>>> print(open('query.cif').read())   # mmCIF, C-alpha atoms
data_query
#
loop_
_atom_site.label_atom_id
_atom_site.label_comp_id
_atom_site.auth_asym_id
_atom_site.auth_seq_id
_atom_site.Cartn_x
_atom_site.Cartn_y
_atom_site.Cartn_z
CA VAL A 1021 0.00 0.00 0.00
CA GLN A 1022 1.46 3.34 -1.06
CA VAL A 1023 0.13 6.49 0.64
CA VAL A 1024 0.37 9.63 -1.50
CA GLU A 1025 -0.50 13.10 -0.26
CA ARG A 1026 -3.30 14.68 -2.20
CA HIS A 1027 -2.57 18.15 -3.58
CA ARG A 1028 -5.79 20.10 -3.77
CA PRO A 1029 -6.12 22.66 -6.59
CA PRO A 1030 -5.86 26.29 -5.45
CA GLU A 1031 -9.11 28.06 -4.79
CA ALA A 1032 -10.27 30.52 -7.44
CA ALA A 1033 -9.40 34.09 -6.49
CA ASP A 1034 -12.28 36.35 -5.51
CA ARG A 1035 -11.68 39.40 -7.67
CA SER A 1036 -14.27 41.41 -5.75
CA THR A 1037 -12.06 41.40 -2.62
CA VAL A 1038 -9.73 44.39 -2.21
CA THR A 1039 -6.37 43.45 -0.67
CA ASN A 1040 -2.79 44.56 -0.18
CA ILE A 1041 0.33 42.42 -0.06
CA VAL A 1042 2.56 43.12 2.95
CA ALA A 1043 5.78 41.60 4.28
CA ARG A 1044 5.26 38.69 6.67
CA ARG A 1045 8.82 39.17 7.93
CA ALA A 1046 11.74 41.58 7.49
CA GLY A 1047 14.18 41.09 4.62
CA LEU A 1048 16.21 42.48 1.73
CA ILE A 1049 14.13 42.55 -1.46
CA THR A 1050 15.60 40.60 -4.40
CA LYS A 1051 12.65 40.38 -6.83
CA VAL A 1052 9.19 41.97 -7.21
CA GLU A 1053 6.48 40.63 -9.53
CA ALA A 1054 3.27 42.65 -9.26
CA LEU A 1055 0.60 40.95 -11.42
CA GLU A 1056 -2.24 43.12 -10.09
CA GLY A 1057 -1.76 46.29 -8.08
CA GLN A 1058 1.05 48.78 -7.68
CA ALA A 1059 4.52 47.74 -6.51
CA MET A 1060 5.63 49.86 -3.55
CA VAL A 1061 9.20 48.53 -3.20
CA LEU A 1062 12.13 47.84 -5.52
CA PRO A 1063 14.89 45.19 -5.44
CA GLY A 1064 17.62 46.21 -3.02
CA ALA A 1065 15.25 47.80 -0.52
CA THR A 1066 15.16 46.66 3.10
CA VAL A 1067 11.65 46.10 4.47
CA THR A 1068 10.24 45.45 7.92
CA GLU A 1069 7.52 43.02 8.98
CA GLY A 1070 4.09 44.32 7.95
CA GLN A 1071 5.42 46.86 5.42
CA LEU A 1072 3.33 47.41 2.27
CA LEU A 1073 4.85 45.66 -0.75
CA ILE A 1074 2.11 45.65 -3.42
CA SER A 1075 -0.84 48.01 -3.03
CA GLY A 1076 -4.37 47.14 -4.10
CA ALA A 1077 -5.02 50.86 -4.70
CA ALA A 1078 -3.49 52.01 -7.99
CA ASP A 1079 -3.68 55.35 -9.80
CA SER A 1080 -5.66 55.45 -13.04
CA PRO A 1081 -6.87 58.23 -15.42
CA ARG A 1082 -10.23 58.14 -13.63
CA GLY A 1083 -8.76 58.28 -10.14
CA VAL A 1084 -7.81 55.55 -7.69
CA ARG A 1085 -8.72 52.01 -8.77
CA LEU A 1086 -9.18 49.37 -6.07
CA MET A 1087 -8.35 45.72 -6.78
CA ARG A 1088 -7.07 42.49 -5.30
CA ALA A 1089 -3.28 42.80 -5.22
CA THR A 1090 -1.56 39.70 -6.60
CA GLY A 1091 2.07 38.87 -7.14
CA THR A 1092 5.20 37.64 -5.41
CA VAL A 1093 7.97 39.42 -3.55
CA ARG A 1094 11.15 37.49 -2.81
CA ALA A 1095 13.75 38.59 -0.31
CA ARG A 1096 16.85 37.51 1.56
CA THR A 1097 15.97 36.74 5.18
CA TRP A 1098 17.91 35.86 8.31
CA TYR A 1099 16.98 33.47 11.12
CA THR A 1100 18.33 32.66 14.58
CA LEU A 1101 16.81 29.47 16.03
CA THR A 1102 17.73 27.60 19.23
CA VAL A 1103 16.81 24.14 20.52
CA SER A 1104 17.73 22.43 23.80
CA ILE A 1105 18.69 18.73 24.00
CA PRO A 1106 18.90 16.95 27.39
CA LEU A 1107 22.25 15.35 28.17
CA ALA A 1108 20.77 13.16 30.93
CA ALA A 1109 19.17 9.86 29.87
CA ALA A 1110 18.12 6.47 31.21
CA GLU A 1111 19.93 3.34 30.05
CA ARG A 1112 18.26 -0.10 30.21
CA VAL A 1113 20.29 -2.71 32.08
CA GLY A 1114 17.92 -5.71 32.18
CA GLU A 1115 14.40 -7.00 32.62
CA SER A 1116 12.65 -6.58 35.96
CA GLY A 1117 9.54 -8.56 35.02
CA HIS A 1118 6.99 -9.25 32.30
CA VAL A 1119 3.26 -9.87 31.80
CA THR A 1120 1.71 -11.95 29.01
CA ARG A 1121 -1.96 -11.52 28.09
CA LEU A 1122 -4.20 -13.20 25.53
CA SER A 1123 -7.18 -11.87 23.59
CA LEU A 1124 -9.21 -12.77 20.52
CA ASP A 1125 -9.88 -10.38 17.64
CA ALA A 1126 -13.22 -11.09 15.95
CA GLY A 1127 -13.68 -8.51 13.22
CA ARG A 1128 -13.78 -5.15 14.94
CA ARG A 1129 -14.34 -6.63 18.39
CA ARG A 1130 -11.69 -7.76 20.84
CA ILE A 1131 -12.48 -10.41 23.45
CA LYS A 1132 -10.05 -10.15 26.38
CA PHE A 1133 -9.08 -13.15 28.47
CA TYR A 1134 -7.82 -10.92 31.28
CA ALA A 1135 -9.13 -8.15 33.53
CA GLY A 1136 -8.10 -4.50 33.34
CA GLY A 1137 -6.20 -2.68 30.64
CA SER A 1138 -2.65 -2.89 29.39
CA VAL A 1139 0.11 -2.44 31.95
CA LEU A 1140 2.60 0.03 30.53
CA GLY A 1141 4.98 2.24 32.44
CA ALA A 1142 7.67 4.69 31.53
CA ASP A 1143 10.29 1.94 31.27
CA CYS A 1144 8.22 -0.78 29.61
CA ALA A 1145 8.00 -2.21 26.12
CA LYS A 1146 4.97 -3.92 24.61
CA ILE A 1147 5.14 -6.61 21.90
CA ALA A 1148 1.94 -7.88 20.22
CA GLU A 1149 1.79 -11.04 18.07
CA TYR A 1150 -1.24 -11.83 15.88
CA ARG A 1151 -2.01 -15.42 14.84
CA PRO A 1152 -4.91 -15.71 12.37
CA ALA A 1153 -7.23 -18.73 12.50
CA VAL A 1154 -6.90 -20.87 9.35
CA LEU A 1155 -8.91 -24.00 8.51
CA PRO A 1156 -7.06 -27.17 7.33
CA PHE A 1157 -7.86 -26.49 3.67
CA GLY A 1158 -6.44 -22.96 3.82
CA LEU A 1159 -9.55 -20.84 4.43
CA ARG A 1160 -8.72 -17.97 6.74
CA LEU A 1161 -11.34 -17.06 9.34
CA PRO A 1162 -11.95 -13.49 10.59
CA LEU A 1163 -10.45 -14.46 13.96
CA SER A 1164 -6.99 -13.80 15.33
CA LEU A 1165 -5.35 -14.83 18.60
CA VAL A 1166 -3.46 -11.88 20.02
CA THR A 1167 -0.57 -12.41 22.43
CA GLU A 1168 0.61 -9.24 24.19
CA ARG A 1169 3.84 -9.33 26.18
CA THR A 1170 4.70 -6.33 28.35
CA VAL A 1171 8.29 -6.22 29.60
CA ALA A 1172 9.50 -3.90 32.38
CA TYR A 1173 13.16 -2.86 32.41
CA ASP A 1174 15.55 -1.70 35.09
CA THR A 1175 17.31 1.54 34.20
CA VAL A 1176 20.29 3.48 35.44
CA PRO A 1177 21.11 7.15 34.87
CA ALA A 1178 23.26 7.70 31.81
CA ARG A 1179 24.57 10.58 29.77
CA ASN A 1180 23.92 11.27 26.13
CA ALA A 1181 27.04 11.76 24.09
CA ALA A 1182 27.50 15.45 23.37
CA GLU A 1183 28.19 14.68 19.70
CA ALA A 1184 24.93 12.73 19.33
CA ALA A 1185 23.02 15.52 21.06
CA ARG A 1186 24.61 18.07 18.72
CA ARG A 1187 23.56 16.09 15.63
CA GLU A 1188 20.02 15.71 16.96
CA GLY A 1189 19.77 19.44 17.68
CA GLU A 1190 21.09 20.44 14.26
CA ALA A 1191 18.65 18.08 12.53
CA GLN A 1192 15.72 19.55 14.47
CA LEU A 1193 16.76 23.11 13.64
CA LEU A 1194 17.17 22.43 9.92
CA TYR A 1195 13.76 20.76 9.81
CA GLN A 1196 12.18 23.74 11.59
CA LEU A 1197 13.90 26.16 9.19
CA HIS A 1198 12.68 24.35 6.06
CA GLN A 1199 9.15 24.19 7.48
CA THR A 1200 9.26 27.97 8.04
CA ILE A 1201 10.54 29.08 4.62
CA GLY A 1202 8.38 26.62 2.67
CA GLU A 1203 9.05 24.49 -0.38
CA ASP A 1204 9.91 27.46 -2.60
CA GLY A 1205 12.42 28.89 -0.13
CA ALA A 1206 16.18 28.33 -0.38
CA VAL A 1207 18.79 28.12 2.38
CA LEU A 1208 21.85 30.12 1.32
CA HIS A 1209 24.10 29.80 4.37
CA THR A 1210 24.01 28.14 7.79
CA ALA A 1211 26.21 28.31 10.89
CA PHE A 1212 25.77 26.35 14.13
CA SER A 1213 26.95 27.05 17.66
CA ARG A 1214 26.38 25.11 20.88
CA GLU A 1215 26.61 25.65 24.63
CA GLU A 1216 26.32 23.11 27.47
CA ARG A 1217 24.50 24.42 30.54
CA ASN A 1218 22.84 22.71 33.53
CA GLY A 1219 22.68 19.28 31.91
CA TRP A 1220 21.34 20.59 28.60
CA LEU A 1221 23.00 21.20 25.26
CA TYR A 1222 21.73 24.40 23.59
CA VAL A 1223 22.23 24.33 19.81
CA THR A 1224 21.77 27.57 17.87
CA LEU A 1225 21.34 27.95 14.11
CA ARG A 1226 21.99 31.19 12.26
CA ALA A 1227 20.83 31.00 8.66
CA GLU A 1228 20.53 33.21 5.61
CA CYS A 1229 17.69 32.28 3.25
CA GLU A 1230 15.88 33.49 0.12
CA GLU A 1231 12.08 33.19 0.18
CA GLN A 1232 8.73 34.65 -0.80
CA ILE A 1233 7.72 37.09 1.94
CA GLY A 1234 4.53 38.55 0.44
CA MET A 1235 1.34 38.02 2.49
CA GLU A 1236 -2.16 39.07 1.40
CA VAL A 1237 -4.20 41.19 3.84
CA PRO A 1238 -7.53 43.00 3.47
CA LEU A 1239 -7.38 46.62 2.30
CA ILE A 1240 -9.63 48.69 4.54
CA THR A 1241 -11.42 51.45 2.60
CA GLU A 1242 -13.58 54.30 3.89
#
>>> encode(input="query.cif", output="structure tokens")
Amino acid sequence: VQVVERHRPPEAADRSTVTNIVARRAGLITKVEALEGQAMVLPGATVTEGQLLISGAADSPRGVRLMRATGTVRARTWYTLTVSIPLAAAERVGESGHVTRLSLDAGRRRIKFYAGGSVLGADCAKIAEYRPAVLPFGLRLPLSLVTERTVAYDTVPARNAAEAARREGEAQLLYQLHQTIGEDGAVLHTAFSREERNGWLYVTLRAECEEQIGMEVPLITE
């Protein structure tokens, strides 16, 4: 079975709505494409968050014409992100006990041969094995015997390797950065730094990116 994400077609634009396009974050403008509306910035300009980029009010021979501003504005942007990774951990040293329970799956119903729910703690692992019922001539019945084994482990305090914690922190930060700039954004430069403090490793990412910063907002008219 292959699961594929469905990409829905974009909704048709409502031309009757009057909007502006503003900056969703600060940046250095690299490209402006105003399809509808009047461009208010040029490449090379530095803009702040919320600044007007493409206006839905444009001059015309008959006066001011109001419209839905459309277009894209790309800019260089800078990010500073930090994540904390614990250096303390718990290491398993052996089993302290286990519980085995049986049940029968009949379609969407489960018949339990034990009382209560599953016993799971912070230091437990649960393994479930399903054995379908099959007749001698190969016909499979809608019944399965389920064996659940819950194992409890003894643990001792341990310490995560600083190098492993660093790699985990950097991976989390890069994922967060790509989620923020979107699929059409590009990461131009990255630099990492780290600091160990009070049993935690603080990893910081400083990145320079290039992305689309235009955001559509309603244009309020009197």
>>> resolve_selection(input="query.cif", expression="the PyMOL selection byres ((chain A and resi 1037-1050) around 9)", output="ChimeraX atom specification")
/A:1033-1036,1051-1052,1057,1061-1077,1086-1098,1230,1233-1241
>>> closest_residue(input="query.cif", among="A:Ser1104, A:Ser1080, A:Thr1120, A:Thr1224", to="Ala1172 (chain A)", atoms="all atoms listed in the file")
A:Thr1120
>>> atom_distance(input="query.cif", atom1="CA of Thr1170 (chain A)", atom2="CA of Ala1126 (chain A)")
22.3 Å
>>> closest_residue(input="query.cif", among="A:Leu1101, A:Tyr1150, A:Tyr1134, A:Ala1145", to="Tyr1195 (chain A)", atoms="only C-alpha atoms")
A:Leu1101
>>> residues_around(input="query.cif", residues="Gly1202 (chain A)", least_positions_apart="4", cutoff="10 Å", atoms="all atoms listed in the file", output="ChimeraX atom specification")
/A:1197-1198,1206,1231-1232
>>> residues_around(input="query.cif", residues="Lys1146 (chain A)", least_positions_apart="2", cutoff="7 Å", atoms="all atoms listed in the file", output="NGL selection string")
:A and (1144 or 1148 or 1168-1171)
>>> residues_around(input="query.cif", residues="Glu1183 (chain A)", least_positions_apart="5", cutoff="12 Å", atoms="all atoms listed in the file", output="PyMOL selection string")
chain A and resi 1105+1107+1188-1190+1214+1216+1221+1223
>>> build_atoms(input="query.cif", residues="region 1143-1162 of chain A", atoms="N, CA, C and O atoms", output="CSV table (one decimal), keeping the file's coordinate frame")
chain,number,residue,atom,x,y,z
A,1143,ASP,N,9.1,2.8,31.7
A,1143,ASP,CA,10.3,1.9,31.3
A,1143,ASP,C,9.8,0.5,30.9
A,1143,ASP,O,10.4,-0.5,31.3
A,1144,CYS,N,8.8,0.5,30.1
A,1144,CYS,CA,8.2,-0.8,29.6
A,1144,CYS,C,8.2,-0.8,28.1
A,1144,CYS,O,8.1,0.2,27.4
A,1145,ALA,N,8.2,-2.0,27.6
A,1145,ALA,CA,8.0,-2.2,26.1
A,1145,ALA,C,6.9,-3.2,25.9
A,1145,ALA,O,6.8,-4.2,26.7
A,1146,LYS,N,6.1,-3.0,24.9
A,1146,LYS,CA,5.0,-3.9,24.6
A,1146,LYS,C,5.1,-4.5,23.2
A,1146,LYS,O,5.3,-3.8,22.2
A,1147,ILE,N,5.0,-5.9,23.2
A,1147,ILE,CA,5.1,-6.6,21.9
A,1147,ILE,C,3.8,-7.4,21.7
A,1147,ILE,O,3.4,-8.1,22.6
A,1148,ALA,N,3.2,-7.2,20.5
A,1148,ALA,CA,1.9,-7.9,20.2
A,1148,ALA,C,2.2,-8.8,19.0
A,1148,ALA,O,2.7,-8.4,18.0
A,1149,GLU,N,1.7,-10.1,19.1
A,1149,GLU,CA,1.8,-11.0,18.1
A,1149,GLU,C,0.4,-11.5,17.7
A,1149,GLU,O,-0.4,-11.9,18.5
A,1150,TYR,N,0.1,-11.5,16.4
A,1150,TYR,CA,-1.2,-11.8,15.9
A,1150,TYR,C,-1.1,-13.2,15.1
A,1150,TYR,O,-0.3,-13.3,14.2
A,1151,ARG,N,-2.0,-14.1,15.5
A,1151,ARG,CA,-2.0,-15.4,14.8
A,1151,ARG,C,-3.4,-15.7,14.3
A,1151,ARG,O,-4.4,-15.9,15.0
A,1152,PRO,N,-3.6,-15.5,13.0
A,1152,PRO,CA,-4.9,-15.7,12.4
A,1152,PRO,C,-5.3,-17.2,12.4
A,1152,PRO,O,-4.5,-18.1,12.4
A,1153,ALA,N,-6.7,-17.4,12.5
A,1153,ALA,CA,-7.2,-18.7,12.5
A,1153,ALA,C,-7.4,-19.2,11.1
A,1153,ALA,O,-8.1,-18.5,10.3
A,1154,VAL,N,-6.8,-20.3,10.7
A,1154,VAL,CA,-6.9,-20.9,9.4
A,1154,VAL,C,-7.4,-22.3,9.4
A,1154,VAL,O,-6.9,-23.1,10.2
A,1155,LEU,N,-8.4,-22.6,8.6
A,1155,LEU,CA,-8.9,-24.0,8.5
A,1155,LEU,C,-7.9,-24.9,7.8
A,1155,LEU,O,-7.0,-24.4,7.1
A,1156,PRO,N,-8.0,-26.2,7.9
A,1156,PRO,CA,-7.1,-27.2,7.3
A,1156,PRO,C,-6.9,-27.0,5.8
A,1156,PRO,O,-5.8,-27.2,5.3
A,1157,PHE,N,-8.0,-26.6,5.1
A,1157,PHE,CA,-7.9,-26.5,3.7
A,1157,PHE,C,-7.5,-25.1,3.2
A,1157,PHE,O,-7.6,-24.7,2.1
A,1158,GLY,N,-7.0,-24.3,4.2
A,1158,GLY,CA,-6.4,-23.0,3.8
A,1158,GLY,C,-7.4,-21.8,3.9
A,1158,GLY,O,-6.9,-20.6,3.7
A,1159,LEU,N,-8.6,-22.0,4.3
A,1159,LEU,CA,-9.6,-20.8,4.4
A,1159,LEU,C,-9.3,-20.1,5.7
A,1159,LEU,O,-9.2,-20.7,6.8
A,1160,ARG,N,-9.0,-18.8,5.6
A,1160,ARG,CA,-8.7,-18.0,6.7
A,1160,ARG,C,-10.0,-17.4,7.3
A,1160,ARG,O,-10.8,-16.8,6.6
A,1161,LEU,N,-10.2,-17.6,8.6
A,1161,LEU,CA,-11.3,-17.1,9.3
A,1161,LEU,C,-11.1,-15.6,9.9
A,1161,LEU,O,-9.9,-15.3,10.1
A,1162,PRO,N,-12.1,-14.9,10.1
A,1162,PRO,CA,-12.0,-13.5,10.6
A,1162,PRO,C,-11.7,-13.5,12.1
A,1162,PRO,O,-12.3,-12.7,12.8
